[in-house]
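Novice: The structure is given below, and queries will be raised subsequently.
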Number of protein chains: 4
Amino acid sequence: MRAEGEEITDRDIALFEAGIKLGALYHQFIGTPVSMATVADLETAIERSVALQPWVSFVDVKIDRARVQRCENEFKYCELRGEMLDVTVVIRYKAVEVQARVKYEEEIDYPLMRIEKIFRNDR
Amino acid sequence: MRAEGEEITDRDIALFEAGIKLGALYHQFIGTPVSMATVADLETAIERSVALQPWVSFVDVKIDRARVQRCENEFKYCELRGEMLDVTVVIRYKAVEVQARVKYEEEIDYPLMRIEKIFRNDR
Amino acid sequence: MRAEGEEITDRDIALFEAGIKLGALYHQFIGTPVSMATVADLETAIERSVALQPWVSFVDVKIDRARVQRCENEFKYCELRGEMLDVTVVIRYKAVEVQARVKYEEEIDYPLMRIEKIFRNDR
Amino acid sequence: MRAEGEEITDRDIALFEAGIKLGALYHQFIGTPVSMATVADLETAIERSVALQPWVSFVDVKIDRARVQRCENEFKYCELRGEMLDVTVVIRYKAVEVQARVKYEEEIDYPLMRIEKIFRNDR
């Protein structure tokens, strides 16, 4: 690499922060025991823990109840897996808003993380 | 090791299961973002996730609020650490009850997991 | 519960410690990216981290290569899942040795943790 | 938010992916037992697991040996903590390279994740 790079913008930081939040929550909560009886509480706990972090202006966590029900074992619970998660976060850094999401994609069998929208809010 | 060992009793299983629950919750939840505003919710979420698991008849999770407050960073949250946790679980396997606990011990700077009581409930 | 319980023996402690190790490693490492190229290294890293803990006298970690290969995504890696793990640990606490194991059981679709052998080594 | 946002560029994606990698590794590996004897192996295991992920062209993991040594408990190991980590990753997405880093900052007592350099490599 050359010694100098390009200038780092607010937009760059907003995108970087959005990635951090999705990567972090995914690896923090995968494996947590969950059941139909506790799924709503777990959604809230994840939402609240993500919302604490810098620049998060919105977070919505949906855990797929059909998958939870299907995978409940003989003890009536299962572990949270990537394919159950659908999480949207909005990062606001200065005038830039980034909406990002992790959601399981059946075709590629992968919990894809992606940028959904980038906004500039100069108000 | 010799080919044969001793017979495995209900008491052995109850103790083994108590250990599993403490080891699991500790490594699942350490690192979760937490603040004074979310600490009660996180306690409940951990309790509910532990209570789902086999043979758990009681669980009580206390997160040390003084330590949470002290470690809140400039963004007003911190990560759950072993030294904030005080968790008691009771396992009931058939006629045996085991009460176990993980609690930070200042003198040895270690989140010690220990068996507190073993009961036999033949009723 | 009554105020007094039964006396806690070395055997009780050995079983409790065996449970802790399995619960801990499971929830620590599930979710780690792994591929056919890194699976041997990950086995070693898990073994070494478990071996550090108190009273562990032996640990063997096997990750199911067929499952790793099958679940490799378009990016040629997957996440470590419970059904890939087969881990045996031996705890020695004073004169008691406990061999315990976590291994996925196809019939119940569950990574079952169980006590395999308990020995008394009075030498 | 308005219905339409700005166009998503390769640079946006590179930054988002850099954030994902740092957030993920942090929450995956924090809590892992480590000692002076295993620290080099753990560095390698983390590096190799990060390197598997999409668009990672370089990763360097340094765990602070002085901190590991200082926090070794009576059992001669400790848990990996954020303040021990210094990780640099380079993401290459098409013609954009992003170098990002997580490193503990003493003054703010926080494992800060930051963008270090952004390059455009049109060759």
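Ordering of the structure tokens sets the chain letters (A, B, ...); residue numbers start at 1 within each chain; ligands are numbered from 1 in the order shown.
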Taking the DSSP assignment computed from this structure's backbone, write out as a VMD selection string all residues of range 31-119 of chain B that belong to strand (DSSP E or B).
Specialist: chain B and resid 33 to 34 56 to 63 78 to 79 85 to 93 96 to 105 110 to 119
Novice: Using N, CA and C atoms, can you export the residues from the last selection as a tab-separated table (two decimals), in the first residue's frame?
Specialist:
```tsv
chain	number	residue	atom	x	y	z
B	33	PRO	N	-23.25	-5.99	25.23
B	33	PRO	CA	-23.36	-4.60	25.67
B	33	PRO	C	-24.47	-4.44	26.72
B	34	VAL	N	-24.18	-3.70	27.77
B	34	VAL	CA	-25.14	-3.51	28.86
B	34	VAL	C	-24.93	-2.12	29.46
B	56	VAL	N	-33.39	-27.63	34.71
B	56	VAL	CA	-33.24	-26.39	35.47
B	56	VAL	C	-34.54	-26.11	36.21
B	57	SER	N	-34.50	-26.07	37.53
B	57	SER	CA	-35.74	-25.79	38.27
B	57	SER	C	-35.78	-24.38	38.82
B	58	PHE	N	-34.62	-23.70	38.82
B	58	PHE	CA	-34.58	-22.33	39.34
B	58	PHE	C	-33.35	-21.65	38.79
B	59	VAL	N	-33.48	-20.37	38.49
B	59	VAL	CA	-32.30	-19.61	38.10
B	59	VAL	C	-32.47	-18.15	38.52
B	60	ASP	N	-31.43	-17.59	39.06
B	60	ASP	CA	-31.45	-16.20	39.48
B	60	ASP	C	-30.17	-15.53	38.97
B	61	VAL	N	-30.34	-14.48	38.18
B	61	VAL	CA	-29.20	-13.77	37.61
B	61	VAL	C	-29.14	-12.37	38.20
B	62	LYS	N	-28.02	-12.06	38.83
B	62	LYS	CA	-27.81	-10.68	39.32
B	62	LYS	C	-26.58	-10.12	38.64
B	63	ILE	N	-26.76	-8.96	38.04
B	63	ILE	CA	-25.62	-8.25	37.44
B	63	ILE	C	-25.31	-7.05	38.33
B	78	CYS	N	-21.28	-0.61	28.72
B	78	CYS	CA	-20.08	-1.40	28.79
B	78	CYS	C	-20.42	-2.83	28.38
B	79	GLU	N	-19.40	-3.68	28.39
B	79	GLU	CA	-19.63	-5.08	28.06
B	79	GLU	C	-19.79	-5.89	29.34
B	85	LEU	N	-21.12	-10.71	37.29
B	85	LEU	CA	-22.16	-11.75	37.34
B	85	LEU	C	-22.25	-12.42	38.71
B	86	ASP	N	-23.47	-12.67	39.12
B	86	ASP	CA	-23.74	-13.53	40.28
B	86	ASP	C	-24.98	-14.34	39.90
B	87	VAL	N	-24.74	-15.58	39.50
B	87	VAL	CA	-25.83	-16.41	38.99
B	87	VAL	C	-25.95	-17.68	39.83
B	88	THR	N	-27.17	-17.93	40.27
B	88	THR	CA	-27.47	-19.17	40.99
B	88	THR	C	-28.42	-20.02	40.14
B	89	VAL	N	-28.08	-21.28	39.98
B	89	VAL	CA	-29.01	-22.19	39.30
B	89	VAL	C	-29.30	-23.39	40.21
B	90	VAL	N	-30.51	-23.89	40.12
B	90	VAL	CA	-30.81	-25.15	40.78
B	90	VAL	C	-31.20	-26.16	39.70
B	91	ILE	N	-30.51	-27.29	39.74
B	91	ILE	CA	-30.80	-28.40	38.84
B	91	ILE	C	-31.55	-29.45	39.64
B	92	ARG	N	-32.64	-29.94	39.10
B	92	ARG	CA	-33.28	-31.09	39.74
B	92	ARG	C	-33.27	-32.24	38.75
B	93	TYR	N	-32.56	-33.29	39.10
B	93	TYR	CA	-32.54	-34.49	38.25
B	93	TYR	C	-33.05	-35.65	39.11
B	96	VAL	N	-32.57	-35.72	42.99
B	96	VAL	CA	-31.41	-34.94	43.46
B	96	VAL	C	-31.54	-33.48	43.03
B	97	GLU	N	-31.29	-32.60	43.96
B	97	GLU	CA	-31.25	-31.18	43.65
B	97	GLU	C	-29.86	-30.63	43.94
B	98	VAL	N	-29.33	-29.88	42.98
B	98	VAL	CA	-28.02	-29.27	43.15
B	98	VAL	C	-28.16	-27.77	42.96
B	99	GLN	N	-27.67	-27.02	43.90
B	99	GLN	CA	-27.63	-25.57	43.76
B	99	GLN	C	-26.19	-25.16	43.50
B	100	ALA	N	-25.98	-24.45	42.39
B	100	ALA	CA	-24.63	-24.05	42.02
B	100	ALA	C	-24.63	-22.56	41.69
B	101	ARG	N	-23.44	-21.97	41.70
B	101	ARG	CA	-23.36	-20.52	41.57
B	101	ARG	C	-22.06	-20.08	40.92
B	102	VAL	N	-22.17	-19.07	40.10
B	102	VAL	CA	-20.95	-18.41	39.62
B	102	VAL	C	-20.96	-16.99	40.16
B	103	LYS	N	-19.87	-16.64	40.81
B	103	LYS	CA	-19.78	-15.31	41.44
B	103	LYS	C	-18.31	-14.92	41.48
B	104	TYR	N	-18.08	-13.69	41.14
B	104	TYR	CA	-16.73	-13.16	41.13
B	104	TYR	C	-16.16	-13.13	42.55
B	105	GLU	N	-14.94	-13.63	42.69
B	105	GLU	CA	-14.26	-13.57	43.99
B	105	GLU	C	-13.11	-12.59	43.90
B	110	TYR	N	-11.36	-13.90	40.17
B	110	TYR	CA	-11.78	-15.03	39.36
B	110	TYR	C	-13.29	-15.25	39.54
B	111	PRO	N	-14.00	-15.45	38.44
B	111	PRO	CA	-15.43	-15.73	38.55
B	111	PRO	C	-15.62	-17.21	38.92
B	112	LEU	N	-15.60	-17.47	40.18
B	112	LEU	CA	-15.58	-18.85	40.67
B	112	LEU	C	-16.94	-19.53	40.50
B	113	MET	N	-16.91	-20.72	39.94
B	113	MET	CA	-18.13	-21.53	39.85
B	113	MET	C	-18.04	-22.59	40.94
B	114	ARG	N	-19.12	-22.70	41.71
B	114	ARG	CA	-19.03	-23.69	42.80
B	114	ARG	C	-20.39	-24.31	43.10
B	115	ILE	N	-20.31	-25.49	43.69
B	115	ILE	CA	-21.50	-26.20	44.16
B	115	ILE	C	-21.82	-25.63	45.53
B	116	GLU	N	-23.08	-25.21	45.71
B	116	GLU	CA	-23.42	-24.67	47.02
B	116	GLU	C	-24.13	-25.70	47.91
B	117	LYS	N	-25.05	-26.45	47.30
B	117	LYS	CA	-25.80	-27.42	48.11
B	117	LYS	C	-26.21	-28.60	47.25
B	118	ILE	N	-26.26	-29.76	47.88
B	118	ILE	CA	-26.78	-30.95	47.21
B	118	ILE	C	-27.85	-31.54	48.12
B	119	PHE	N	-29.05	-31.75	47.55
B	119	PHE	CA	-30.17	-32.27	48.33
B	119	PHE	C	-30.72	-33.54	47.69
```
Novice: Please superimpose chain B upon chain A, fitting all C-alpha atoms matched one to one in order, and report the result as a short mmCIF file (atom, residue, chain, number, x, y, z; two decimals) with N, CA and C atoms, in the first residue's frame.
Specialist:
```cif
data_model
loop_
_atom_site.label_atom_id
_atom_site.label_comp_id
_atom_site.auth_asym_id
_atom_site.auth_seq_id
_atom_site.Cartn_x
_atom_site.Cartn_y
_atom_site.Cartn_z
N MET B 1 0.72 -1.25 -0.07
CA MET B 1 -0.10 -0.03 -0.06
C MET B 1 0.79 1.22 -0.06
N ARG B 2 0.29 2.23 -0.69
CA ARG B 2 1.00 3.51 -0.63
C ARG B 2 0.85 4.10 0.77
N ALA B 3 1.68 5.04 1.07
CA ALA B 3 1.67 5.61 2.42
C ALA B 3 0.41 6.43 2.70
N GLU B 4 -0.12 7.06 1.70
CA GLU B 4 -1.30 7.89 1.92
C GLU B 4 -2.53 7.25 1.28
N GLY B 5 -3.63 7.42 1.91
CA GLY B 5 -4.86 6.92 1.32
C GLY B 5 -5.80 8.08 1.05
N GLU B 6 -7.02 7.73 0.76
CA GLU B 6 -8.03 8.77 0.51
C GLU B 6 -8.56 9.28 1.85
N GLU B 7 -9.20 10.43 1.79
CA GLU B 7 -9.75 11.02 3.00
C GLU B 7 -10.93 10.18 3.51
N ILE B 8 -11.04 10.05 4.80
CA ILE B 8 -12.14 9.27 5.38
C ILE B 8 -13.34 10.19 5.65
N THR B 9 -14.47 9.84 5.07
CA THR B 9 -15.65 10.71 5.16
C THR B 9 -16.63 10.21 6.23
N ASP B 10 -17.61 11.04 6.53
CA ASP B 10 -18.67 10.64 7.46
C ASP B 10 -19.42 9.42 6.92
N ARG B 11 -19.59 9.41 5.64
CA ARG B 11 -20.27 8.28 5.01
C ARG B 11 -19.47 6.98 5.22
N ASP B 12 -18.16 7.04 5.05
CA ASP B 12 -17.32 5.87 5.30
C ASP B 12 -17.51 5.36 6.74
N ILE B 13 -17.50 6.29 7.66
CA ILE B 13 -17.62 5.91 9.07
C ILE B 13 -18.99 5.29 9.35
N ALA B 14 -20.03 5.87 8.78
CA ALA B 14 -21.39 5.34 9.00
C ALA B 14 -21.48 3.90 8.49
N LEU B 15 -20.87 3.63 7.36
CA LEU B 15 -20.93 2.27 6.79
C LEU B 15 -20.11 1.29 7.62
N PHE B 16 -18.95 1.73 8.03
CA PHE B 16 -18.09 0.91 8.88
C PHE B 16 -18.82 0.57 10.19
N GLU B 17 -19.45 1.55 10.78
CA GLU B 17 -20.17 1.32 12.05
C GLU B 17 -21.37 0.38 11.85
N ALA B 18 -22.03 0.49 10.73
CA ALA B 18 -23.15 -0.42 10.44
C ALA B 18 -22.65 -1.86 10.38
N GLY B 19 -21.52 -2.06 9.73
CA GLY B 19 -20.94 -3.40 9.65
C GLY B 19 -20.58 -3.94 11.02
N ILE B 20 -19.96 -3.10 11.83
CA ILE B 20 -19.58 -3.52 13.19
C ILE B 20 -20.79 -4.04 13.95
N LYS B 21 -21.87 -3.29 13.89
CA LYS B 21 -23.06 -3.69 14.69
C LYS B 21 -23.59 -5.05 14.24
N LEU B 22 -23.67 -5.27 12.94
CA LEU B 22 -24.21 -6.56 12.48
C LEU B 22 -23.25 -7.72 12.81
N GLY B 23 -21.97 -7.51 12.57
CA GLY B 23 -21.00 -8.56 12.88
C GLY B 23 -21.01 -8.91 14.36
N ALA B 24 -21.11 -7.88 15.18
CA ALA B 24 -21.06 -8.08 16.63
C ALA B 24 -22.28 -8.83 17.15
N LEU B 25 -23.44 -8.38 16.77
CA LEU B 25 -24.65 -9.00 17.33
C LEU B 25 -24.77 -10.44 16.88
N TYR B 26 -24.39 -10.68 15.63
CA TYR B 26 -24.48 -12.03 15.11
C TYR B 26 -23.64 -12.99 15.97
N HIS B 27 -22.39 -12.64 16.18
CA HIS B 27 -21.51 -13.55 16.90
C HIS B 27 -21.71 -13.52 18.41
N GLN B 28 -22.36 -12.49 18.92
CA GLN B 28 -22.68 -12.47 20.35
C GLN B 28 -23.84 -13.41 20.67
N PHE B 29 -24.86 -13.40 19.84
CA PHE B 29 -26.10 -14.05 20.25
C PHE B 29 -26.36 -15.43 19.63
N ILE B 30 -25.65 -15.74 18.55
CA ILE B 30 -25.82 -17.08 17.98
C ILE B 30 -25.46 -18.11 19.06
N GLY B 31 -26.32 -19.12 19.19
CA GLY B 31 -26.08 -20.15 20.20
C GLY B 31 -26.95 -19.99 21.44
N THR B 32 -27.58 -18.83 21.59
CA THR B 32 -28.42 -18.61 22.77
C THR B 32 -29.64 -19.54 22.75
N PRO B 33 -29.92 -20.22 23.85
CA PRO B 33 -31.13 -21.04 23.90
C PRO B 33 -32.39 -20.18 23.73
N VAL B 34 -33.31 -20.64 22.92
CA VAL B 34 -34.53 -19.89 22.64
C VAL B 34 -35.67 -20.87 22.38
N SER B 35 -36.88 -20.45 22.70
CA SER B 35 -38.07 -21.27 22.43
C SER B 35 -39.21 -20.34 22.03
N MET B 36 -40.33 -20.91 21.63
CA MET B 36 -41.49 -20.10 21.30
C MET B 36 -41.88 -19.21 22.48
N ALA B 37 -41.63 -19.69 23.68
CA ALA B 37 -42.04 -18.93 24.87
C ALA B 37 -41.13 -17.75 25.17
N THR B 38 -39.90 -17.79 24.68
CA THR B 38 -38.95 -16.73 25.04
C THR B 38 -38.50 -15.89 23.85
N VAL B 39 -38.98 -16.23 22.68
CA VAL B 39 -38.45 -15.59 21.47
C VAL B 39 -38.68 -14.07 21.47
N ALA B 40 -39.83 -13.63 21.95
CA ALA B 40 -40.11 -12.19 21.95
C ALA B 40 -39.17 -11.46 22.91
N ASP B 41 -38.94 -12.06 24.05
CA ASP B 41 -38.00 -11.47 25.02
C ASP B 41 -36.58 -11.40 24.48
N LEU B 42 -36.18 -12.44 23.76
CA LEU B 42 -34.82 -12.44 23.22
C LEU B 42 -34.68 -11.35 22.15
N GLU B 43 -35.71 -11.20 21.33
CA GLU B 43 -35.69 -10.11 20.35
C GLU B 43 -35.45 -8.76 21.04
N THR B 44 -36.19 -8.54 22.09
CA THR B 44 -36.08 -7.27 22.82
C THR B 44 -34.70 -7.10 23.44
N ALA B 45 -34.18 -8.16 24.02
CA ALA B 45 -32.86 -8.08 24.66
C ALA B 45 -31.78 -7.75 23.62
N ILE B 46 -31.86 -8.37 22.45
CA ILE B 46 -30.88 -8.08 21.40
C ILE B 46 -31.04 -6.64 20.93
N GLU B 47 -32.27 -6.23 20.69
CA GLU B 47 -32.52 -4.85 20.25
C GLU B 47 -31.94 -3.85 21.24
N ARG B 48 -32.20 -4.10 22.52
CA ARG B 48 -31.74 -3.13 23.51
C ARG B 48 -30.22 -3.11 23.61
N SER B 49 -29.60 -4.25 23.45
CA SER B 49 -28.13 -4.27 23.55
C SER B 49 -27.49 -3.60 22.33
N VAL B 50 -28.11 -3.76 21.16
CA VAL B 50 -27.57 -3.10 19.96
C VAL B 50 -27.78 -1.59 20.06
N ALA B 51 -28.96 -1.21 20.56
CA ALA B 51 -29.31 0.22 20.62
C ALA B 51 -28.38 1.01 21.53
N LEU B 52 -27.70 0.33 22.45
CA LEU B 52 -26.76 1.01 23.35
C LEU B 52 -25.53 1.53 22.63
N GLN B 53 -25.22 0.92 21.50
CA GLN B 53 -23.93 1.18 20.88
C GLN B 53 -23.93 2.49 20.08
N PRO B 54 -22.74 3.06 19.90
CA PRO B 54 -22.64 4.39 19.29
C PRO B 54 -23.28 4.48 17.90
N TRP B 55 -24.02 5.55 17.67
CA TRP B 55 -24.57 5.93 16.36
C TRP B 55 -25.74 5.06 15.92
N VAL B 56 -26.25 4.21 16.77
CA VAL B 56 -27.42 3.41 16.38
C VAL B 56 -28.67 4.24 16.59
N SER B 57 -29.42 4.51 15.53
CA SER B 57 -30.64 5.30 15.71
C SER B 57 -31.90 4.44 15.63
N PHE B 58 -31.76 3.20 15.15
CA PHE B 58 -32.92 2.32 15.05
C PHE B 58 -32.42 0.88 14.96
N VAL B 59 -33.16 -0.02 15.58
CA VAL B 59 -32.83 -1.43 15.41
C VAL B 59 -34.11 -2.25 15.53
N ASP B 60 -34.25 -3.21 14.66
CA ASP B 60 -35.41 -4.09 14.68
C ASP B 60 -34.91 -5.53 14.52
N VAL B 61 -35.24 -6.36 15.50
CA VAL B 61 -34.80 -7.76 15.48
C VAL B 61 -36.02 -8.66 15.32
N LYS B 62 -36.00 -9.46 14.28
CA LYS B 62 -37.07 -10.46 14.10
C LYS B 62 -36.43 -11.84 14.09
N ILE B 63 -36.94 -12.70 14.95
CA ILE B 63 -36.49 -14.10 14.96
C ILE B 63 -37.61 -14.95 14.36
N ASP B 64 -37.28 -15.75 13.40
CA ASP B 64 -38.25 -16.52 12.62
C ASP B 64 -38.91 -17.59 13.50
N ARG B 65 -40.17 -17.35 13.85
CA ARG B 65 -40.85 -18.27 14.77
C ARG B 65 -41.08 -19.66 14.15
N ALA B 66 -41.32 -19.72 12.87
CA ALA B 66 -41.53 -21.03 12.23
C ALA B 66 -40.27 -21.89 12.38
N ARG B 67 -39.11 -21.24 12.21
CA ARG B 67 -37.86 -22.00 12.35
C ARG B 67 -37.58 -22.39 13.81
N VAL B 68 -37.93 -21.51 14.72
CA VAL B 68 -37.75 -21.84 16.14
C VAL B 68 -38.60 -23.06 16.47
N GLN B 69 -39.84 -23.01 16.05
CA GLN B 69 -40.77 -24.10 16.35
C GLN B 69 -40.28 -25.42 15.74
N ARG B 70 -39.84 -25.31 14.49
CA ARG B 70 -39.40 -26.51 13.79
C ARG B 70 -38.19 -27.15 14.45
N CYS B 71 -37.32 -26.32 15.00
CA CYS B 71 -36.08 -26.89 15.52
C CYS B 71 -36.13 -27.16 17.02
N GLU B 72 -37.28 -26.89 17.65
CA GLU B 72 -37.37 -27.21 19.07
C GLU B 72 -37.12 -28.70 19.27
N ASN B 73 -36.21 -29.01 20.16
CA ASN B 73 -35.84 -30.40 20.40
C ASN B 73 -36.76 -31.04 21.45
N GLU B 74 -36.39 -32.20 21.91
CA GLU B 74 -37.26 -32.89 22.87
C GLU B 74 -37.38 -32.11 24.19
N PHE B 75 -36.44 -31.20 24.41
CA PHE B 75 -36.52 -30.37 25.61
C PHE B 75 -37.26 -29.05 25.35
N LYS B 76 -37.80 -28.92 24.14
CA LYS B 76 -38.65 -27.77 23.79
C LYS B 76 -37.90 -26.45 23.71
N TYR B 77 -36.66 -26.52 23.26
CA TYR B 77 -35.97 -25.27 22.96
C TYR B 77 -34.96 -25.56 21.87
N CYS B 78 -34.39 -24.52 21.29
CA CYS B 78 -33.30 -24.72 20.37
C CYS B 78 -32.31 -23.58 20.54
N GLU B 79 -31.24 -23.63 19.75
CA GLU B 79 -30.26 -22.56 19.81
C GLU B 79 -30.53 -21.56 18.69
N LEU B 80 -30.34 -20.31 18.99
CA LEU B 80 -30.49 -19.28 17.97
C LEU B 80 -29.46 -19.53 16.87
N ARG B 81 -29.94 -19.59 15.64
CA ARG B 81 -29.06 -19.81 14.50
C ARG B 81 -29.19 -18.64 13.53
N GLY B 82 -28.17 -18.49 12.72
CA GLY B 82 -28.17 -17.41 11.74
C GLY B 82 -29.40 -17.40 10.85
N GLU B 83 -29.90 -18.58 10.52
CA GLU B 83 -31.01 -18.61 9.57
C GLU B 83 -32.35 -18.20 10.21
N MET B 84 -32.35 -17.96 11.52
CA MET B 84 -33.57 -17.48 12.18
C MET B 84 -33.62 -15.95 12.25
N LEU B 85 -32.51 -15.31 11.96
CA LEU B 85 -32.39 -13.87 12.25
C LEU B 85 -32.75 -13.01 11.05
N ASP B 86 -33.45 -11.92 11.35
CA ASP B 86 -33.67 -10.85 10.38
C ASP B 86 -33.56 -9.56 11.17
N VAL B 87 -32.40 -8.92 11.05
CA VAL B 87 -32.14 -7.74 11.86
C VAL B 87 -31.84 -6.54 10.96
N THR B 88 -32.54 -5.46 11.23
CA THR B 88 -32.28 -4.20 10.53
C THR B 88 -31.74 -3.18 11.53
N VAL B 89 -30.65 -2.53 11.16
CA VAL B 89 -30.15 -1.43 12.00
C VAL B 89 -30.02 -0.17 11.15
N VAL B 90 -30.26 0.96 11.78
CA VAL B 90 -29.97 2.22 11.11
C VAL B 90 -28.90 2.94 11.94
N ILE B 91 -27.83 3.30 11.25
CA ILE B 91 -26.74 4.07 11.86
C ILE B 91 -26.89 5.51 11.39
N ARG B 92 -26.82 6.44 12.31
CA ARG B 92 -26.76 7.84 11.88
C ARG B 92 -25.45 8.42 12.37
N TYR B 93 -24.59 8.79 11.45
CA TYR B 93 -23.33 9.43 11.82
C TYR B 93 -23.31 10.81 11.14
N LYS B 94 -23.40 11.85 11.97
CA LYS B 94 -23.53 13.20 11.46
C LYS B 94 -24.68 13.26 10.45
N ALA B 95 -24.42 13.67 9.23
CA ALA B 95 -25.54 13.84 8.29
C ALA B 95 -25.85 12.59 7.47
N VAL B 96 -25.19 11.49 7.77
CA VAL B 96 -25.37 10.28 6.95
C VAL B 96 -26.15 9.21 7.72
N GLU B 97 -27.12 8.65 7.05
CA GLU B 97 -27.85 7.52 7.62
C GLU B 97 -27.66 6.29 6.75
N VAL B 98 -27.35 5.18 7.40
CA VAL B 98 -27.17 3.92 6.67
C VAL B 98 -28.12 2.89 7.27
N GLN B 99 -28.89 2.27 6.43
CA GLN B 99 -29.74 1.16 6.87
C GLN B 99 -29.12 -0.13 6.37
N ALA B 100 -28.86 -1.05 7.31
CA ALA B 100 -28.23 -2.31 6.94
C ALA B 100 -29.02 -3.46 7.56
N ARG B 101 -28.80 -4.65 7.03
CA ARG B 101 -29.64 -5.78 7.44
C ARG B 101 -28.89 -7.10 7.33
N VAL B 102 -29.15 -7.95 8.29
CA VAL B 102 -28.69 -9.34 8.14
C VAL B 102 -29.93 -10.22 8.07
N LYS B 103 -29.97 -11.03 7.03
CA LYS B 103 -31.14 -11.88 6.81
C LYS B 103 -30.67 -13.12 6.05
N TYR B 104 -31.17 -14.23 6.49
CA TYR B 104 -30.82 -15.49 5.86
C TYR B 104 -31.34 -15.55 4.43
N GLU B 105 -30.48 -15.95 3.51
CA GLU B 105 -30.90 -16.12 2.12
C GLU B 105 -30.90 -17.59 1.78
N GLU B 106 -32.09 -18.10 1.58
CA GLU B 106 -32.28 -19.54 1.34
C GLU B 106 -31.41 -20.05 0.18
N GLU B 107 -31.41 -19.32 -0.94
CA GLU B 107 -30.74 -19.80 -2.16
C GLU B 107 -29.24 -20.04 -1.95
N ILE B 108 -28.63 -19.17 -1.15
CA ILE B 108 -27.19 -19.36 -0.96
C ILE B 108 -26.89 -19.92 0.43
N ASP B 109 -27.94 -20.22 1.18
CA ASP B 109 -27.79 -20.81 2.51
C ASP B 109 -26.80 -19.99 3.35
N TYR B 110 -27.06 -18.71 3.44
CA TYR B 110 -26.09 -17.82 4.05
C TYR B 110 -26.81 -16.63 4.69
N PRO B 111 -26.42 -16.29 5.91
CA PRO B 111 -27.03 -15.12 6.56
C PRO B 111 -26.38 -13.85 6.01
N LEU B 112 -26.90 -13.38 4.94
CA LEU B 112 -26.26 -12.28 4.20
C LEU B 112 -26.41 -10.94 4.94
N MET B 113 -25.31 -10.24 5.07
CA MET B 113 -25.34 -8.89 5.63
C MET B 113 -25.22 -7.92 4.46
N ARG B 114 -26.12 -6.95 4.43
CA ARG B 114 -26.05 -6.03 3.27
C ARG B 114 -26.50 -4.63 3.65
N ILE B 115 -26.02 -3.69 2.85
CA ILE B 115 -26.43 -2.30 2.97
C ILE B 115 -27.73 -2.16 2.20
N GLU B 116 -28.74 -1.60 2.86
CA GLU B 116 -30.01 -1.44 2.15
C GLU B 116 -30.19 -0.02 1.59
N LYS B 117 -29.83 0.96 2.41
CA LYS B 117 -30.03 2.35 1.95
C LYS B 117 -28.99 3.26 2.57
N ILE B 118 -28.61 4.27 1.82
CA ILE B 118 -27.72 5.30 2.36
C ILE B 118 -28.39 6.65 2.09
N PHE B 119 -28.55 7.44 3.17
CA PHE B 119 -29.21 8.74 3.05
C PHE B 119 -28.30 9.85 3.55
N ARG B 120 -28.50 10.99 2.99
CA ARG B 120 -27.83 12.18 3.48
C ARG B 120 -28.93 13.12 3.99
N ASN B 121 -28.81 13.48 5.23
CA ASN B 121 -29.84 14.31 5.86
C ASN B 121 -29.27 15.64 6.28
N ASP B 122 -29.13 16.53 5.36
CA ASP B 122 -28.58 17.83 5.72
C ASP B 122 -29.72 18.76 6.15
N ARG B 123 -29.92 18.80 7.41
CA ARG B 123 -31.01 19.66 7.89
C ARG B 123 -30.51 20.52 9.01
#
```
